[in-house]
Amino acid sequence: MANVISDETIDYVGILAKLELSDEEKEQAKKDMGSMLDYIDKLGELDTTGVEPMSHIFPVQNVFREDIVTNGDDSENILKNAPGSKDNMFMVPKTFE
């Protein structure tokens with residue numbers, strides 16, 4: 001294990017995570033964090049020349065599109081279903097005074 005985590009680091013991480021760890025839990029956390037850092041170091045040994053960085057596993061195209069009106073202005077037919085209409089708007093009965 002090349003990465004050794006200090007007691008101060010574990011205490012600081014515990015404060016940030018709002019955890020109260022026993023001495024045994026702190027020792028286990030130190031071993032676990034060291035193992036994680038060792039694995040990250042091992043990943044750093046990989047030859048990634050020619051590998052393009054990516055932010056998504058699927059190709060992402062432009063997710064924004066133009067707003068295209070496809071159904072047109074059908075407000076007359078829509079207003080036929082209203083209880084009442086005035087100035088091209090719905091008129092509904094009052095629900096409170």
# chains A, B, ... in the order shown; residues from 1 in each chain; ligands from 1

$ residues_around --residues "stretch 3-12 of chain A" --least-positions-apart "6" --cutoff "10 Å" --atoms "only C-alpha atoms" --output "ChimeraX atom specification"
/A:18-21,26-27,29-39,41

$ write_last_selection --atoms "N, CA and C atoms" --output "PDB file, in the first residue's frame"
ATOM      1  N   LYS A  18     -19.555  14.830   8.732  1.00  0.00           N
ATOM      2  CA  LYS A  18     -20.364  14.874   9.963  1.00  0.00           C
ATOM      3  C   LYS A  18     -20.552  13.467  10.528  1.00  0.00           C
ATOM      4  N   LEU A  19     -19.415  12.755  10.648  1.00  0.00           N
ATOM      5  CA  LEU A  19     -19.421  11.402  11.185  1.00  0.00           C
ATOM      6  C   LEU A  19     -18.611  11.359  12.474  1.00  0.00           C
ATOM      7  N   GLU A  20     -19.067  10.583  13.400  1.00  0.00           N
ATOM      8  CA  GLU A  20     -18.291  10.290  14.599  1.00  0.00           C
ATOM      9  C   GLU A  20     -17.853   8.846  14.485  1.00  0.00           C
ATOM     10  N   LEU A  21     -16.550   8.656  14.302  1.00  0.00           N
ATOM     11  CA  LEU A  21     -16.028   7.316  14.089  1.00  0.00           C
ATOM     12  C   LEU A  21     -15.291   6.828  15.326  1.00  0.00           C
ATOM     13  N   LYS A  26     -12.049   4.293  12.357  1.00  0.00           N
ATOM     14  CA  LYS A  26     -11.043   5.173  11.757  1.00  0.00           C
ATOM     15  C   LYS A  26      -9.943   4.361  11.088  1.00  0.00           C
ATOM     16  N   GLU A  27      -9.507   3.307  11.747  1.00  0.00           N
ATOM     17  CA  GLU A  27      -8.464   2.457  11.162  1.00  0.00           C
ATOM     18  C   GLU A  27      -8.961   1.796   9.875  1.00  0.00           C
ATOM     19  N   ALA A  29     -11.336   2.913   7.928  1.00  0.00           N
ATOM     20  CA  ALA A  29     -11.491   3.972   6.924  1.00  0.00           C
ATOM     21  C   ALA A  29     -10.136   4.342   6.330  1.00  0.00           C
ATOM     22  N   LYS A  30      -9.093   4.372   7.146  1.00  0.00           N
ATOM     23  CA  LYS A  30      -7.754   4.664   6.630  1.00  0.00           C
ATOM     24  C   LYS A  30      -7.320   3.607   5.625  1.00  0.00           C
ATOM     25  N   LYS A  31      -7.574   2.329   5.944  1.00  0.00           N
ATOM     26  CA  LYS A  31      -7.210   1.254   5.016  1.00  0.00           C
ATOM     27  C   LYS A  31      -8.017   1.361   3.722  1.00  0.00           C
ATOM     28  N   ASP A  32      -9.320   1.612   3.860  1.00  0.00           N
ATOM     29  CA  ASP A  32     -10.182   1.707   2.677  1.00  0.00           C
ATOM     30  C   ASP A  32      -9.778   2.877   1.789  1.00  0.00           C
ATOM     31  N   MET A  33      -9.516   4.034   2.400  1.00  0.00           N
ATOM     32  CA  MET A  33      -9.126   5.199   1.602  1.00  0.00           C
ATOM     33  C   MET A  33      -7.781   4.967   0.930  1.00  0.00           C
ATOM     34  N   GLY A  34      -6.859   4.326   1.637  1.00  0.00           N
ATOM     35  CA  GLY A  34      -5.564   4.003   1.038  1.00  0.00           C
ATOM     36  C   GLY A  34      -5.723   3.073  -0.151  1.00  0.00           C
ATOM     37  N   SER A  35      -6.612   2.079  -0.020  1.00  0.00           N
ATOM     38  CA  SER A  35      -6.864   1.148  -1.128  1.00  0.00           C
ATOM     39  C   SER A  35      -7.457   1.875  -2.326  1.00  0.00           C
ATOM     40  N   MET A  36      -8.377   2.792  -2.070  1.00  0.00           N
ATOM     41  CA  MET A  36      -8.982   3.556  -3.172  1.00  0.00           C
ATOM     42  C   MET A  36      -7.929   4.392  -3.893  1.00  0.00           C
ATOM     43  N   LEU A  37      -7.053   5.048  -3.129  1.00  0.00           N
ATOM     44  CA  LEU A  37      -6.023   5.875  -3.748  1.00  0.00           C
ATOM     45  C   LEU A  37      -5.021   5.019  -4.516  1.00  0.00           C
ATOM     46  N   ASP A  38      -4.711   3.830  -3.992  1.00  0.00           N
ATOM     47  CA  ASP A  38      -3.830   2.919  -4.728  1.00  0.00           C
ATOM     48  C   ASP A  38      -4.456   2.521  -6.063  1.00  0.00           C
ATOM     49  N   TYR A  39      -5.750   2.253  -6.051  1.00  0.00           N
ATOM     50  CA  TYR A  39      -6.435   1.875  -7.288  1.00  0.00           C
ATOM     51  C   TYR A  39      -6.425   3.029  -8.286  1.00  0.00           C
ATOM     52  N   ASP A  41      -4.159   5.328  -8.462  1.00  0.00           N
ATOM     53  CA  ASP A  41      -2.787   5.381  -8.987  1.00  0.00           C
ATOM     54  C   ASP A  41      -2.569   4.320 -10.059  1.00  0.00           C
TER      55      ASP A  41
END

$ select_by_dssp --residues "chain A" --states "helix (DSSP H, G or I)" --output "compact mmCIF listing (two decimals) with C-alpha atoms, in the first residue's frame"
# COMPACT_ATOMS: atom_id res chain seq x y z
CA ASP A 7 -5.10 10.33 11.47
CA GLU A 8 -5.54 14.06 10.88
CA THR A 9 -6.91 13.43 7.41
CA ILE A 10 -9.40 10.86 8.70
CA ASP A 11 -10.49 13.26 11.46
CA TYR A 12 -10.92 16.07 8.92
CA VAL A 13 -12.91 13.88 6.54
CA GLY A 14 -15.05 12.78 9.49
CA ILE A 15 -15.78 16.41 10.32
CA LEU A 16 -16.67 17.18 6.70
CA ASP A 23 -10.98 4.11 16.69
CA GLU A 24 -11.66 0.82 14.90
CA GLU A 25 -13.79 2.58 12.28
CA LYS A 26 -11.04 5.17 11.76
CA GLU A 27 -8.46 2.46 11.16
CA GLN A 28 -10.75 0.67 8.70
CA ALA A 29 -11.49 3.97 6.92
CA LYS A 30 -7.75 4.66 6.63
CA LYS A 31 -7.21 1.25 5.02
CA ASP A 32 -10.18 1.71 2.68
CA MET A 33 -9.13 5.20 1.60
CA GLY A 34 -5.56 4.00 1.04
CA SER A 35 -6.86 1.15 -1.13
CA MET A 36 -8.98 3.56 -3.17
CA LEU A 37 -6.02 5.88 -3.75
CA ASP A 38 -3.83 2.92 -4.73
CA TYR A 39 -6.43 1.88 -7.29
CA ILE A 40 -6.59 5.40 -8.69
CA ASP A 41 -2.79 5.38 -8.99
CA LYS A 42 -3.00 2.06 -10.82
CA LEU A 43 -5.51 3.57 -13.28
CA GLY A 44 -3.03 6.40 -13.86
CA SER A 75 -57.82 28.34 -30.37
CA GLU A 76 -61.34 28.55 -31.82
CA ASN A 77 -61.90 24.81 -31.47
CA ILE A 78 -60.26 24.80 -28.04
CA LEU A 79 -62.48 27.65 -26.80
CA LYS A 80 -65.58 25.73 -27.93

$ select_by_dssp --residues "chain A" --states "strand (DSSP E)" --output "JSON, numbers by chain"
{"A": [85, 86, 89, 90]}

$ write_last_selection --atoms "all heavy atoms" --output "PDB file, in the first residue's frame"
ATOM      1  N   SER A  85     -66.125  32.157 -22.968  1.00  0.00           N
ATOM      2  CA  SER A  85     -64.894  32.749 -23.475  1.00  0.00           C
ATOM      3  C   SER A  85     -65.095  34.245 -23.668  1.00  0.00           C
ATOM      4  O   SER A  85     -66.205  34.722 -23.893  1.00  0.00           O
ATOM      5  CB  SER A  85     -64.478  32.085 -24.791  1.00  0.00           C
ATOM      6  OG  SER A  85     -65.451  32.341 -25.780  1.00  0.00           O
ATOM      7  N   LYS A  86     -63.984  34.951 -23.548  1.00  0.00           N
ATOM      8  CA  LYS A  86     -64.007  36.400 -23.738  1.00  0.00           C
ATOM      9  C   LYS A  86     -62.614  36.815 -24.192  1.00  0.00           C
ATOM     10  O   LYS A  86     -61.615  36.422 -23.580  1.00  0.00           O
ATOM     11  CB  LYS A  86     -64.373  37.095 -22.432  1.00  0.00           C
ATOM     12  CG  LYS A  86     -64.401  38.608 -22.544  1.00  0.00           C
ATOM     13  CD  LYS A  86     -64.776  39.249 -21.225  1.00  0.00           C
ATOM     14  CE  LYS A  86     -64.763  40.750 -21.344  1.00  0.00           C
ATOM     15  NZ  LYS A  86     -65.019  41.393 -20.076  1.00  0.00           N
ATOM     16  N   MET A  89     -59.992  34.100 -24.577  1.00  0.00           N
ATOM     17  CA  MET A  89     -59.518  33.477 -23.342  1.00  0.00           C
ATOM     18  C   MET A  89     -60.664  32.712 -22.698  1.00  0.00           C
ATOM     19  O   MET A  89     -61.834  32.981 -22.969  1.00  0.00           O
ATOM     20  CB  MET A  89     -59.007  34.540 -22.353  1.00  0.00           C
ATOM     21  CG  MET A  89     -57.761  35.263 -22.825  1.00  0.00           C
ATOM     22  SD  MET A  89     -57.151  36.426 -21.599  1.00  0.00           S
ATOM     23  CE  MET A  89     -58.307  37.762 -21.787  1.00  0.00           C
ATOM     24  N   PHE A  90     -60.336  31.770 -21.830  1.00  0.00           N
ATOM     25  CA  PHE A  90     -61.345  31.027 -21.080  1.00  0.00           C
ATOM     26  C   PHE A  90     -62.002  31.923 -20.053  1.00  0.00           C
ATOM     27  O   PHE A  90     -61.337  32.743 -19.412  1.00  0.00           O
ATOM     28  CB  PHE A  90     -60.713  29.841 -20.324  1.00  0.00           C
ATOM     29  CG  PHE A  90     -60.317  28.697 -21.211  1.00  0.00           C
ATOM     30  CD1 PHE A  90     -58.999  28.507 -21.582  1.00  0.00           C
ATOM     31  CD2 PHE A  90     -61.260  27.796 -21.654  1.00  0.00           C
ATOM     32  CE1 PHE A  90     -58.631  27.451 -22.376  1.00  0.00           C
ATOM     33  CE2 PHE A  90     -60.906  26.732 -22.454  1.00  0.00           C
ATOM     34  CZ  PHE A  90     -59.589  26.562 -22.824  1.00  0.00           C
TER      35      PHE A  90
END

$ residues_around --residues "A:Pro83" --least-positions-apart "2" --cutoff "7 Å" --atoms "only C-alpha atoms" --output "list in words"
Asn81, Met91 and Val92 of chain A

$ write_last_selection --atoms "N, CA and C atoms" --output "CSV table (one decimal), in the first residue's frame"
chain,number,residue,atom,x,y,z
A,81,ASN,N,-64.8,24.3,-26.2
A,81,ASN,CA,-65.0,23.4,-25.0
A,81,ASN,C,-65.0,24.1,-23.7
A,91,MET,N,-63.3,31.8,-19.9
A,91,MET,CA,-64.0,32.4,-18.7
A,91,MET,C,-64.6,31.2,-17.9
A,92,VAL,N,-64.2,31.2,-16.6
A,92,VAL,CA,-64.7,30.2,-15.7
A,92,VAL,C,-65.4,30.8,-14.6

$ atom_distance --atom1 "atom CA of A:Glu45" --atom2 "atom CA of A:Pro59"
26.6 Å
